[in-house]
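*Asks:* Structure supplied as work_0.txt; contents: compact mmCIF, C-alpha atoms and all ligand atoms.
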```
# COMPACT_ATOMS: atom_id res chain seq x y z
CA MET A 72 -22.56 22.44 30.82
CA GLY A 73 -19.98 19.63 30.82
CA ARG A 74 -16.29 20.39 31.20
CA LEU A 75 -14.36 20.85 28.02
CA ALA A 76 -11.77 18.30 27.03
CA ALA A 77 -8.23 19.65 27.04
CA PRO A 78 -7.18 20.67 23.56
CA PRO A 79 -3.86 19.25 22.41
CA ASN A 80 -0.82 20.68 24.23
CA MET A 81 -2.95 22.13 27.04
CA PRO A 82 -2.56 20.46 30.46
CA CYS A 83 -5.81 19.43 32.14
CA VAL A 84 -5.66 20.28 35.84
CA PRO A 85 -8.17 18.19 37.82
CA GLY A 86 -10.93 20.27 39.43
CA GLN A 87 -10.10 23.42 37.49
CA SER A 88 -12.27 24.62 34.62
CA LEU A 89 -10.46 25.33 31.41
CA PRO A 90 -10.53 28.49 29.36
CA ASN A 91 -12.61 28.16 26.24
CA PRO A 92 -10.30 26.74 23.61
CA ALA A 93 -10.41 27.72 19.97
CA PRO A 94 -12.94 25.41 18.33
CA LEU A 95 -11.20 22.22 17.26
CA PRO A 96 -11.61 21.20 13.64
CA GLY A 97 -14.42 18.67 13.19
CA PRO A 98 -13.59 15.02 12.62
CA VAL A 99 -14.13 15.22 8.86
CA PRO A 100 -13.08 18.26 6.85
CA PRO A 101 -15.40 19.73 4.19
CA GLY A 102 -15.48 17.82 0.91
CA ASP A 103 -13.90 14.79 2.64
CA GLY A 104 -10.58 16.63 2.51
CA PHE A 105 -10.00 15.94 -1.21
CA ASP A 106 -9.58 19.63 -2.04
CA HIS A 107 -8.03 21.07 1.11
CA LEU A 108 -6.59 19.81 4.38
CA ASP A 109 -5.43 21.86 7.29
CA LEU A 110 -1.89 20.96 8.43
CA GLY A 111 -2.84 21.58 12.07
CA TRP A 112 -5.77 19.17 11.73
CA LEU A 113 -3.50 16.55 10.17
CA ALA A 114 -0.89 16.96 12.90
CA GLY A 115 -3.57 16.12 15.49
CA ARG A 116 -4.60 12.86 13.78
CA PRO A 117 -4.16 9.86 16.12
CA GLY A 118 -3.00 7.31 13.49
CA VAL A 119 0.66 6.31 13.27
CA LYS A 120 1.33 8.35 10.13
CA TRP A 121 1.00 11.75 11.81
CA SER A 122 1.20 10.95 15.52
CA SER A 123 4.70 9.50 15.22
CA THR A 124 5.96 12.25 12.90
CA PRO A 125 7.76 15.15 14.64
CA ALA A 126 5.75 18.36 15.00
CA GLY A 127 6.30 20.68 12.05
CA THR A 128 7.21 17.82 9.69
CA ILE A 129 4.87 16.71 6.89
CA ALA A 130 4.09 12.98 7.03
CA ALA A 131 4.40 11.37 3.59
CA TRP A 132 5.65 7.95 4.58
CA VAL A 133 3.44 4.98 5.65
CA ALA A 134 0.73 4.03 3.11
CA ASP A 135 -2.25 5.60 4.84
CA MET A 136 -4.12 8.37 3.03
CA ASP A 137 -4.82 11.74 4.64
CA PHE A 138 -8.51 11.53 3.66
CA PRO A 139 -10.96 10.26 6.29
CA ALA A 140 -12.53 6.90 5.40
CA PRO A 141 -15.76 7.15 3.35
CA ALA A 142 -18.98 8.14 5.14
CA PRO A 143 -20.79 4.82 4.37
CA VAL A 144 -17.98 2.96 6.15
CA ARG A 145 -18.07 5.26 9.14
CA ARG A 146 -21.87 5.01 9.30
CA SER A 147 -21.76 1.20 9.19
CA LEU A 148 -19.37 1.13 12.15
CA ALA A 149 -21.54 3.57 14.14
CA LYS A 150 -24.61 1.44 13.36
CA LEU A 151 -22.81 -1.70 14.52
CA ALA A 152 -21.99 -0.05 17.84
CA ASP A 153 -25.50 1.41 18.21
CA GLU A 154 -27.24 -1.90 17.59
CA GLY A 155 -25.00 -3.56 20.15
CA ASP A 156 -24.55 -7.04 18.60
CA LEU A 157 -20.80 -7.42 18.87
CA GLY A 158 -20.74 -11.21 18.83
CA TYR A 159 -18.72 -13.57 16.67
CA SER A 160 -18.94 -13.10 12.93
CA ALA A 161 -19.02 -15.51 10.02
CA ALA A 162 -16.36 -13.57 8.13
CA ALA A 163 -15.72 -15.91 5.17
CA GLN A 164 -19.41 -16.38 4.34
CA LEU A 165 -20.10 -12.66 4.67
CA LEU A 166 -17.15 -11.53 2.56
CA GLU A 167 -17.12 -14.02 -0.31
CA GLU A 168 -20.11 -12.92 -2.37
CA PRO A 169 -19.52 -9.13 -2.22
CA TRP A 170 -15.84 -9.68 -2.95
CA ALA A 171 -16.54 -11.99 -5.92
CA LYS A 172 -19.13 -9.52 -7.27
CA ARG A 173 -16.51 -6.81 -7.09
CA MET A 174 -13.95 -8.89 -8.99
CA VAL A 175 -16.49 -9.44 -11.79
CA SER A 176 -17.74 -5.86 -12.00
CA ARG A 177 -14.40 -4.08 -11.70
CA PHE A 178 -11.94 -6.49 -13.29
CA GLY A 179 -14.02 -8.92 -15.35
CA TRP A 180 -12.72 -11.89 -13.36
CA GLU A 181 -15.13 -14.55 -12.11
CA PRO A 182 -13.30 -16.29 -9.25
CA LYS A 183 -14.08 -19.92 -8.46
CA ALA A 184 -16.49 -20.11 -5.49
CA GLY A 185 -15.68 -21.56 -2.08
CA LEU A 186 -12.00 -20.64 -2.01
CA LEU A 187 -11.99 -17.36 -0.08
CA ARG A 188 -10.07 -17.26 3.22
CA PRO A 189 -10.07 -14.12 5.40
CA PHE A 190 -6.87 -12.93 7.07
CA SER A 191 -6.22 -10.04 9.40
CA ASP A 192 -3.95 -8.43 6.81
CA VAL A 193 -2.05 -9.10 3.63
CA VAL A 194 1.34 -9.52 5.31
CA GLN A 195 -0.09 -12.18 7.62
CA ALA A 196 -1.53 -13.94 4.57
CA VAL A 197 1.85 -13.83 2.79
CA GLN A 198 3.61 -15.35 5.79
CA VAL A 199 1.00 -18.09 6.15
CA LEU A 200 1.22 -18.86 2.43
CA LEU A 201 5.01 -18.98 2.46
CA HIS A 202 4.82 -21.26 5.50
CA ALA A 203 2.29 -23.60 3.90
CA GLY A 204 3.35 -23.40 0.26
CA THR A 205 7.16 -23.33 0.43
CA ARG A 206 10.00 -24.67 2.60
CA PRO A 207 13.02 -23.05 4.28
CA GLY A 208 15.74 -22.55 1.67
CA ASP A 209 13.23 -22.23 -1.21
CA GLY A 210 13.77 -19.36 -3.65
CA ILE A 211 11.01 -16.73 -3.74
CA ILE A 212 10.96 -14.30 -6.66
CA VAL A 213 10.21 -10.83 -5.28
CA LEU A 214 9.73 -7.76 -7.47
CA THR A 215 12.26 -5.25 -6.18
CA PRO A 216 12.34 -2.64 -4.79
CA SER A 217 9.65 -4.25 -2.62
CA TYR A 218 7.09 -3.34 0.03
CA PRO A 219 9.44 -3.75 3.06
CA PRO A 220 7.48 -6.38 5.08
CA PHE A 221 7.76 -8.78 2.12
CA VAL A 222 11.56 -8.48 2.06
CA SER A 223 11.70 -9.10 5.81
CA SER A 224 9.10 -11.92 5.67
CA VAL A 225 11.12 -13.87 3.10
CA ARG A 226 14.32 -13.39 5.08
CA GLU A 227 12.83 -14.04 8.54
CA MET A 228 11.26 -17.26 7.27
CA GLY A 229 14.56 -18.59 5.96
CA ARG A 230 13.54 -18.46 2.29
CA ARG A 231 15.91 -17.08 -0.35
CA LEU A 232 14.97 -13.73 -1.84
CA LEU A 233 15.40 -13.86 -5.63
CA SER A 234 15.34 -10.24 -6.69
CA LEU A 235 13.41 -9.49 -9.89
CA PRO A 236 14.26 -5.83 -10.45
CA PHE A 237 12.44 -2.90 -11.95
CA THR A 238 14.88 -0.72 -13.87
CA PHE A 239 14.36 2.90 -14.88
CA GLY A 240 14.09 3.38 -18.64
CA PRO A 241 12.67 5.91 -21.09
CA GLN A 242 9.14 4.58 -20.38
CA GLY A 243 9.61 4.79 -16.60
CA TRP A 244 9.88 1.68 -14.42
CA GLU A 245 10.34 -1.49 -16.46
CA LEU A 246 10.31 -5.07 -15.16
CA ASP A 247 13.45 -6.98 -16.13
CA LEU A 248 11.89 -9.92 -17.93
CA GLU A 249 15.27 -11.45 -18.81
CA ALA A 250 15.99 -11.62 -15.08
CA ALA A 251 12.62 -13.36 -14.58
CA ARG A 252 13.61 -16.05 -17.10
CA ALA A 253 16.97 -16.51 -15.39
CA LEU A 254 15.52 -16.73 -11.86
CA ALA A 255 12.54 -19.01 -12.45
CA PRO A 256 14.43 -22.37 -12.53
CA ALA A 257 15.76 -21.67 -9.00
CA ALA A 258 12.41 -20.54 -7.60
CA ARG A 259 9.55 -22.20 -5.76
CA ALA A 260 7.19 -19.21 -5.74
CA ILE A 261 6.60 -15.73 -7.14
CA LEU A 262 5.47 -13.01 -4.78
CA LEU A 263 3.87 -10.65 -7.26
CA VAL A 264 2.70 -7.16 -6.31
CA ASN A 265 0.53 -5.64 -9.01
CA PRO A 266 -0.10 -2.69 -9.15
CA HIS A 267 3.35 -2.35 -7.70
CA ASN A 268 4.42 -0.66 -4.48
CA PRO A 269 6.69 1.38 -4.56
CA THR A 270 7.11 2.05 -8.33
CA GLY A 271 3.40 2.53 -9.05
CA ARG A 272 3.69 0.33 -12.18
CA VAL A 273 0.69 -1.58 -13.54
CA LEU A 274 1.91 -4.77 -15.21
CA ARG A 275 0.66 -5.28 -18.77
CA ARG A 276 -0.85 -8.49 -20.10
CA ALA A 277 2.37 -9.51 -21.93
CA GLU A 278 4.42 -9.15 -18.73
CA LEU A 279 1.89 -11.14 -16.69
CA GLU A 280 1.68 -13.83 -19.37
CA LEU A 281 5.43 -14.27 -19.36
CA LEU A 282 5.37 -14.74 -15.59
CA ALA A 283 2.44 -17.17 -15.95
CA ASP A 284 4.41 -19.19 -18.56
CA LEU A 285 7.40 -19.37 -16.24
CA ALA A 286 5.17 -20.37 -13.31
CA GLU A 287 3.72 -23.20 -15.36
CA ARG A 288 7.05 -24.38 -16.76
CA TYR A 289 8.74 -24.48 -13.33
CA ASP A 290 5.64 -25.38 -11.27
CA LEU A 291 5.66 -22.20 -9.15
CA LEU A 292 3.13 -21.02 -6.59
CA VAL A 293 2.07 -17.46 -7.45
CA VAL A 294 1.02 -15.20 -4.59
CA SER A 295 -0.49 -12.16 -6.31
CA ASP A 296 -0.97 -9.16 -4.03
CA GLU A 297 -3.53 -6.96 -5.80
CA ILE A 298 -4.31 -4.67 -2.88
CA HIS A 299 -3.80 -1.53 -5.03
CA ALA A 300 -6.03 -2.74 -7.90
CA ASP A 301 -8.72 -0.08 -7.33
CA LEU A 302 -6.17 2.71 -7.51
CA VAL A 303 -5.13 2.68 -11.18
CA LEU A 304 -4.59 6.30 -12.25
CA ALA A 305 -3.46 5.87 -15.85
CA ASP A 306 -5.67 4.68 -18.69
CA ILE A 307 -4.73 1.02 -18.19
CA ASP A 308 -6.80 -1.94 -17.00
CA HIS A 309 -5.75 -3.90 -13.95
CA ILE A 310 -5.58 -7.59 -14.90
CA PRO A 311 -5.97 -10.09 -12.04
CA PHE A 312 -3.22 -12.70 -12.45
CA ALA A 313 -5.69 -15.54 -11.86
CA SER A 314 -7.86 -14.27 -14.73
CA LEU A 315 -5.14 -14.97 -17.32
CA SER A 316 -6.10 -18.62 -17.82
CA GLU A 317 -7.46 -21.69 -16.04
CA GLU A 318 -3.89 -22.85 -15.53
CA ALA A 319 -2.86 -19.50 -13.96
CA ALA A 320 -5.94 -19.59 -11.69
CA ARG A 321 -4.96 -23.06 -10.43
CA ARG A 322 -1.54 -21.92 -9.23
CA THR A 323 -2.45 -18.50 -7.85
CA VAL A 324 -3.45 -17.17 -4.47
CA THR A 325 -4.90 -13.69 -4.99
CA LEU A 326 -4.69 -11.21 -2.12
CA TYR A 327 -6.98 -8.22 -1.80
CA SER A 328 -8.27 -5.85 0.86
CA ALA A 329 -10.29 -2.66 1.25
CA SER A 330 -7.51 -1.17 3.34
CA LYS A 331 -5.61 0.80 0.66
CA SER A 332 -8.50 1.94 -1.57
CA PHE A 333 -10.69 3.07 1.33
CA ASN A 334 -8.04 4.01 3.87
CA LEU A 335 -8.90 1.32 6.41
CA GLY A 336 -5.41 0.08 7.31
CA GLY A 337 -6.17 -0.04 11.03
CA MET A 338 -9.29 -2.21 10.62
CA ARG A 339 -7.38 -5.44 9.81
CA CYS A 340 -9.29 -7.41 7.20
CA ALA A 341 -7.85 -8.97 4.05
CA VAL A 342 -8.92 -11.87 1.84
CA ALA A 343 -7.02 -14.60 0.00
CA HIS A 344 -8.56 -16.47 -2.92
CA MET A 345 -6.85 -19.85 -2.57
CA GLY A 346 -6.62 -21.04 -6.16
CA HIS A 347 -3.47 -23.13 -5.52
CA GLY A 348 -4.70 -26.58 -4.44
CA ALA A 349 -1.48 -27.87 -2.84
CA THR A 350 -1.17 -24.79 -0.60
CA ARG A 351 -4.86 -25.08 0.27
CA ALA A 352 -4.38 -28.72 1.23
CA GLN A 353 -1.29 -27.94 3.29
CA MET A 354 -3.15 -25.19 5.16
CA ALA A 355 -5.92 -27.63 5.99
CA THR A 356 -3.38 -29.73 7.94
CA LEU A 357 -2.48 -26.79 10.22
CA PRO A 358 -4.30 -26.13 13.53
CA SER A 359 -7.53 -24.26 12.76
CA HIS A 360 -7.00 -21.33 15.15
CA LEU A 361 -3.30 -20.79 14.52
CA PHE A 362 -3.87 -17.80 12.27
CA GLY A 363 -6.65 -16.07 14.22
CA GLU A 364 -9.91 -14.64 12.95
CA VAL A 365 -11.07 -11.37 11.47
CA GLY A 366 -13.21 -9.26 13.86
CA LEU A 367 -16.78 -8.22 13.22
CA ALA A 368 -15.98 -4.49 12.98
CA ALA A 369 -13.32 -5.18 10.34
CA VAL A 370 -15.76 -7.29 8.30
CA THR A 371 -18.45 -4.60 8.67
CA ALA A 372 -16.06 -1.94 7.40
CA ALA A 373 -14.91 -4.09 4.44
CA LEU A 374 -18.50 -4.89 3.43
CA ALA A 375 -19.48 -1.23 3.55
CA ALA A 376 -16.39 -0.34 1.51
CA TRP A 377 -17.28 -2.94 -1.14
CA SER A 378 -20.90 -1.76 -1.42
CA ASP A 379 -22.04 0.50 -4.28
CA GLU A 380 -22.49 3.31 -1.76
CA THR A 381 -18.77 4.09 -1.70
CA ASP A 382 -18.38 4.34 -5.51
CA PRO A 383 -18.69 8.16 -5.60
CA TRP A 384 -16.06 8.49 -2.82
CA LEU A 385 -13.65 6.17 -4.65
CA ARG A 386 -14.15 8.07 -7.91
CA ARG A 387 -13.34 11.37 -6.20
CA CYS A 388 -10.38 9.79 -4.45
CA VAL A 389 -8.91 8.40 -7.68
CA ALA A 390 -9.49 11.77 -9.41
CA ARG A 391 -7.58 13.53 -6.60
CA LEU A 392 -4.74 11.00 -6.76
CA ARG A 393 -4.58 11.34 -10.56
CA ASP A 394 -4.31 15.14 -10.31
CA ASN A 395 -1.69 14.78 -7.60
CA ALA A 396 0.28 12.34 -9.76
CA THR A 397 0.21 14.89 -12.60
CA GLU A 398 1.43 17.62 -10.24
CA LEU A 399 4.16 15.33 -8.96
CA GLY A 400 5.09 14.38 -12.53
CA SER A 401 5.75 18.01 -13.47
CA TRP A 402 7.71 18.56 -10.27
CA LEU A 403 9.84 15.51 -11.10
CA ARG A 404 10.55 16.85 -14.59
CA SER A 405 11.53 20.25 -13.20
CA SER A 406 13.78 18.74 -10.52
CA GLU A 407 16.21 16.86 -12.74
CA VAL A 408 19.88 16.90 -11.82
CA GLY A 409 22.47 16.56 -14.58
CA GLY A 410 19.81 15.32 -17.00
CA ARG A 411 18.60 12.62 -14.58
CA VAL A 412 15.04 12.85 -13.33
CA LEU A 413 14.09 11.84 -9.82
CA GLY A 414 11.42 9.39 -10.94
CA ALA A 415 8.33 8.73 -13.02
CA ARG A 416 4.66 9.70 -12.64
CA PRO A 417 3.10 6.59 -11.06
CA GLU A 418 0.50 4.66 -13.09
CA ALA A 419 -1.27 3.47 -9.94
CA THR A 420 -1.23 3.63 -6.13
CA TYR A 421 -0.49 6.85 -4.23
CA LEU A 422 3.19 6.10 -3.86
CA ALA A 423 6.13 7.39 -5.88
CA TRP A 424 9.62 5.92 -5.90
CA LEU A 425 12.17 8.70 -6.04
CA ASP A 426 15.84 8.45 -6.97
CA PHE A 427 17.78 11.00 -4.91
CA ARG A 428 21.21 9.62 -5.90
CA PRO A 429 22.03 12.38 -8.41
CA ALA A 430 20.77 15.13 -6.10
CA LEU A 431 22.10 13.94 -2.75
CA GLY A 432 24.35 10.92 -3.20
CA LEU A 433 23.24 9.54 0.15
CA ASP A 434 22.39 5.97 1.10
CA ASP A 435 19.27 7.03 3.01
CA PRO A 436 18.01 10.33 1.60
CA ALA A 437 14.77 10.08 3.63
CA GLY A 438 16.71 10.68 6.85
CA TRP A 439 18.40 13.75 5.37
CA LEU A 440 15.13 15.09 3.95
CA SER A 441 13.38 14.65 7.27
CA ARG A 442 16.03 16.82 8.94
CA HIS A 443 16.50 19.40 6.16
CA ALA A 444 13.10 19.56 4.37
CA HIS A 445 10.90 18.58 7.34
CA VAL A 446 9.14 16.05 5.13
CA ARG A 447 9.02 12.44 6.27
CA LEU A 448 9.36 9.91 3.42
CA SER A 449 9.87 6.13 3.66
CA ALA A 450 13.52 5.07 3.74
CA GLY A 451 14.63 3.45 0.47
CA PRO A 452 17.08 0.89 1.94
CA GLU A 453 14.13 -0.83 3.70
CA PHE A 454 12.74 -1.77 0.27
CA GLY A 455 15.51 -4.33 -0.29
CA PRO A 456 17.73 -4.59 -3.38
CA GLY A 457 17.69 -1.34 -5.37
CA GLY A 458 16.58 0.73 -2.37
CA ALA A 459 19.81 2.57 -1.46
CA GLY A 460 19.73 6.21 -2.53
CA PHE A 461 15.92 6.18 -2.95
CA ALA A 462 12.92 7.23 -0.87
CA ARG A 463 9.18 6.61 -1.26
CA LEU A 464 6.75 9.49 -1.27
CA ASN A 465 3.06 9.08 -0.31
CA PHE A 466 1.01 11.65 -2.24
CA ALA A 467 -2.48 10.75 -0.91
CA THR A 468 -3.18 14.18 0.45
CA ALA A 469 -4.87 17.44 -0.46
CA PRO A 470 -3.28 19.67 -3.13
CA ASN A 471 -2.30 22.39 -0.64
CA VAL A 472 -0.35 19.86 1.45
CA LEU A 473 1.29 18.35 -1.65
CA ALA A 474 2.33 21.83 -2.85
CA GLU A 475 3.85 22.64 0.55
CA LEU A 476 5.61 19.28 0.65
CA LEU A 477 7.11 19.60 -2.85
CA GLY A 478 8.12 23.20 -2.10
CA ARG A 479 9.99 22.03 0.99
CA LEU A 480 11.74 19.26 -0.96
CA SER A 481 12.74 21.74 -3.69
CA ALA A 482 14.13 24.21 -1.16
CA ALA A 483 16.13 21.52 0.64
CA LEU A 484 17.48 20.06 -2.62
CA ALA A 485 18.46 23.54 -3.81
CA GLY A 486 20.57 23.93 -0.68
CA ALA A 487 22.02 20.44 -0.98
CA GLY A 488 25.42 21.76 -2.01
CA ALA A 489 26.08 21.67 1.72
CA VAL A 490 25.88 17.85 1.68
CA GLN A 491 29.05 15.84 1.26
CA PRO A 492 27.99 13.21 -1.31
CA ALA A 493 28.88 9.69 -0.26
CA PRO A 494 29.21 6.88 -2.80
CA VAL A 495 25.99 4.91 -3.22
CA ALA A 496 25.65 1.38 -4.53
CA GLY A 497 23.69 0.86 -7.75
C1 LIG B 501 1.60 -3.89 -1.71
C2 LIG B 501 1.06 -3.93 -0.32
N1 LIG B 501 0.71 -5.11 0.20
C3 LIG B 501 0.23 -5.20 1.47
C4 LIG B 501 0.10 -4.09 2.26
C5 LIG B 501 -0.43 -4.27 3.66
O1 LIG B 501 -1.75 -3.96 3.71
P1 LIG B 501 -2.70 -4.44 4.90
O2 LIG B 501 -1.97 -4.18 6.18
O3 LIG B 501 -3.90 -3.60 4.77
O4 LIG B 501 -3.03 -5.84 4.68
C6 LIG B 501 0.46 -2.85 1.75
C7 LIG B 501 0.36 -1.65 2.60
O5 LIG B 501 0.84 -0.61 2.28
C8 LIG B 501 0.94 -2.76 0.43
O6 LIG B 501 1.29 -1.59 -0.14
```
Produce structure tokens that represent the structure in this file.
Ligand SMILES: Cc1ncc(COP(=O)(O)O)c(C=O)c1O

*Replies:*
Amino acid sequence: MGRLAAPPNMPCVPGQSLPNPAPLPGPVPPGDGFDHLDLGWLAGRPGVKWSSTPAGTIAAWVADMDFPAPAPVRRSLAKLADEGDLGYSAAAQLLEEPWAKRMVSRFGWEPKAGLLRPFSDVVQAVQVLLHAGTRPGDGIIVLTPSYPPFVSSVREMGRRLLSLPFTFGPQGWELDLEAARALAPAARAILLVNPHNPTGRVLRRAELELLADLAERYDLLVVSDEIHADLVLADIDHIPFASLSEEAARRTVTLYSASKSFNLGGMRCAVAHMGHGATRAQMATLPSHLFGEVGLAAVTAALAAWSDETDPWLRRCVARLRDNATELGSWLRSSEVGGRVLGARPEATYLAWLDFRPALGLDDPAGWLSRHAHVRLSAGPEFGPGGAGFARLNFATAPNVLAELLGRLSAALAGAGAVQPAPVAG
């Protein structure tokens, strides 16, 4: 019999046999983990979400789900390794048809053929598009609070961040359309994220049409990140920006990936549908290998994710996220402070944007909650304008973990009288 591998936290002494460890949990929990996940099993996961979170703390920060990737994806990767052809891949040709089919069947949008460009990830695509489609000093409209790498990309590339804010109203998070009208004349591009991270809002047709009108009037490039499009939880349709009209399609680059919907963040494969001719032409002048290539394993995983075989997994996943959002919604209502609720039940994604200003009055409540509740959330200030006092919660986990996590937050907030509130902007 072969020697046993050392279980976590047990030193392996060369030449010495180990005592029989307790059986380790298998790689995939029963029912794909949608109904129950063991905290010990999660803590042993190698990905960044859990491995870089202190022992005893629940990881609810980076946008990875706690559910293992779907079986058809895992099988396709095992088959690739078994068959042994790990040569170069023709990523664009392989991805275009399945992706286009998906856009038609799920969103009723028939994208123009021949315009798909693979990237390793959506942030890389955004940086390439800003590089090719705008110049240093140009104004970029960004929906804020914003997925942090977009705030840093705009700043690091010397563009001006024009903050188009979501504000909290009786209907939840509302996009400030007056601000959009005021910003558009000073802008060169709109970096749209729909469905939106971190508010979980799904933009309605009227909101998208207003942005499309502004884009046309002021000749703006629209980069539309629709990576969360499969994860709409409310009874609302996701509308691809490029599907609004021929004119909208001509000025839009649509970004999409299997990484959020199928939990494949580490695989590195995204696609950009390059509807905007001038940006396409500018990219064609750049050295062909400057932006790298997508690997065969990443393409294999994306193709398996976009096959019909994963539909049942995605349906169960969305059902779990919807139930979790409902659970979170009632917790939010019960956790109000002085008549102010912490946030709204998200319409999409598995992320919730929580306002801890009334409860804690701290600039970075995530740091405090990590220490006092032993729950790791994403730090609000990293999300740019409107982030101070907030934290983002990732609820893509099993109900037992969510219940434990919300219980810990409640207990810590109940004891928050010990905190000396500091003034918070906004
Ligand atoms: C709105 C949004 N865009 C882009 C990304 C990056 O995704 P990827 O690294 O899979 O391209 C994320 C990840 O959380 C996201 O939420």

*Asks:* Any idea what the distance is between atom CA of A:Gly210 and atom CA of A:Leu291?

*Replies:* 10.2 Å

*Asks:* List all protein, DNA and RNA residues that have an atom no more than 8 Å from any atom of ligand LIG 501 (chain B), counting only C-alpha atoms and all ligand atoms, and report them as number ranges by chain.

*Replies:* A: 133-135, 191-195, 218, 264-269, 296-299, 327-331, 335-337, 339-341

*Asks:* Please list as a PDB file with C-alpha atoms, in the coordinates of the input every residue within 12 Å of A:Glu245, counting only C-alpha atoms and excluding residues in the same chain fewer than 2 positions away.

*Replies:*
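This is the output file out-v8.pdb:
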```
ATOM      1  CA  LEU A 214       9.730  -7.760  -7.470  1.00  0.00           C
ATOM      2  CA  THR A 215      12.260  -5.250  -6.180  1.00  0.00           C
ATOM      3  CA  PRO A 216      12.340  -2.640  -4.790  1.00  0.00           C
ATOM      4  CA  LEU A 235      13.410  -9.490  -9.890  1.00  0.00           C
ATOM      5  CA  PRO A 236      14.260  -5.830 -10.450  1.00  0.00           C
ATOM      6  CA  PHE A 237      12.440  -2.900 -11.950  1.00  0.00           C
ATOM      7  CA  THR A 238      14.880  -0.720 -13.870  1.00  0.00           C
ATOM      8  CA  PHE A 239      14.360   2.900 -14.880  1.00  0.00           C
ATOM      9  CA  GLY A 240      14.090   3.380 -18.640  1.00  0.00           C
ATOM     10  CA  PRO A 241      12.670   5.910 -21.090  1.00  0.00           C
ATOM     11  CA  GLN A 242       9.140   4.580 -20.380  1.00  0.00           C
ATOM     12  CA  GLY A 243       9.610   4.790 -16.600  1.00  0.00           C
ATOM     13  CA  ASP A 247      13.450  -6.980 -16.130  1.00  0.00           C
ATOM     14  CA  LEU A 248      11.890  -9.920 -17.930  1.00  0.00           C
ATOM     15  CA  GLU A 249      15.270 -11.450 -18.810  1.00  0.00           C
ATOM     16  CA  ALA A 250      15.990 -11.620 -15.080  1.00  0.00           C
ATOM     17  CA  HIS A 267       3.350  -2.350  -7.700  1.00  0.00           C
ATOM     18  CA  THR A 270       7.110   2.050  -8.330  1.00  0.00           C
ATOM     19  CA  GLY A 271       3.400   2.530  -9.050  1.00  0.00           C
ATOM     20  CA  ARG A 272       3.690   0.330 -12.180  1.00  0.00           C
ATOM     21  CA  VAL A 273       0.690  -1.580 -13.540  1.00  0.00           C
ATOM     22  CA  LEU A 274       1.910  -4.770 -15.210  1.00  0.00           C
ATOM     23  CA  ARG A 275       0.660  -5.280 -18.770  1.00  0.00           C
ATOM     24  CA  GLU A 278       4.420  -9.150 -18.730  1.00  0.00           C
ATOM     25  CA  ALA A 415       8.330   8.730 -13.020  1.00  0.00           C
TER      26      ALA A 415
END
```

*Asks:* So the first atom is atom CA of A:Leu392 and the second is atom CA of A:Ala114; what is the distance between them in Å, to one decimal place?

*Replies:*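 The value is 20.9 Å.
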
*Asks:* Any idea what the distance is between atom CA of A:Arg259 and atom CA of A:Gly348?

*Replies:*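 Taking atom CA of A:Arg259 as the start and atom CA of A:Gly348 as the end point, the length is 15.0 Å.
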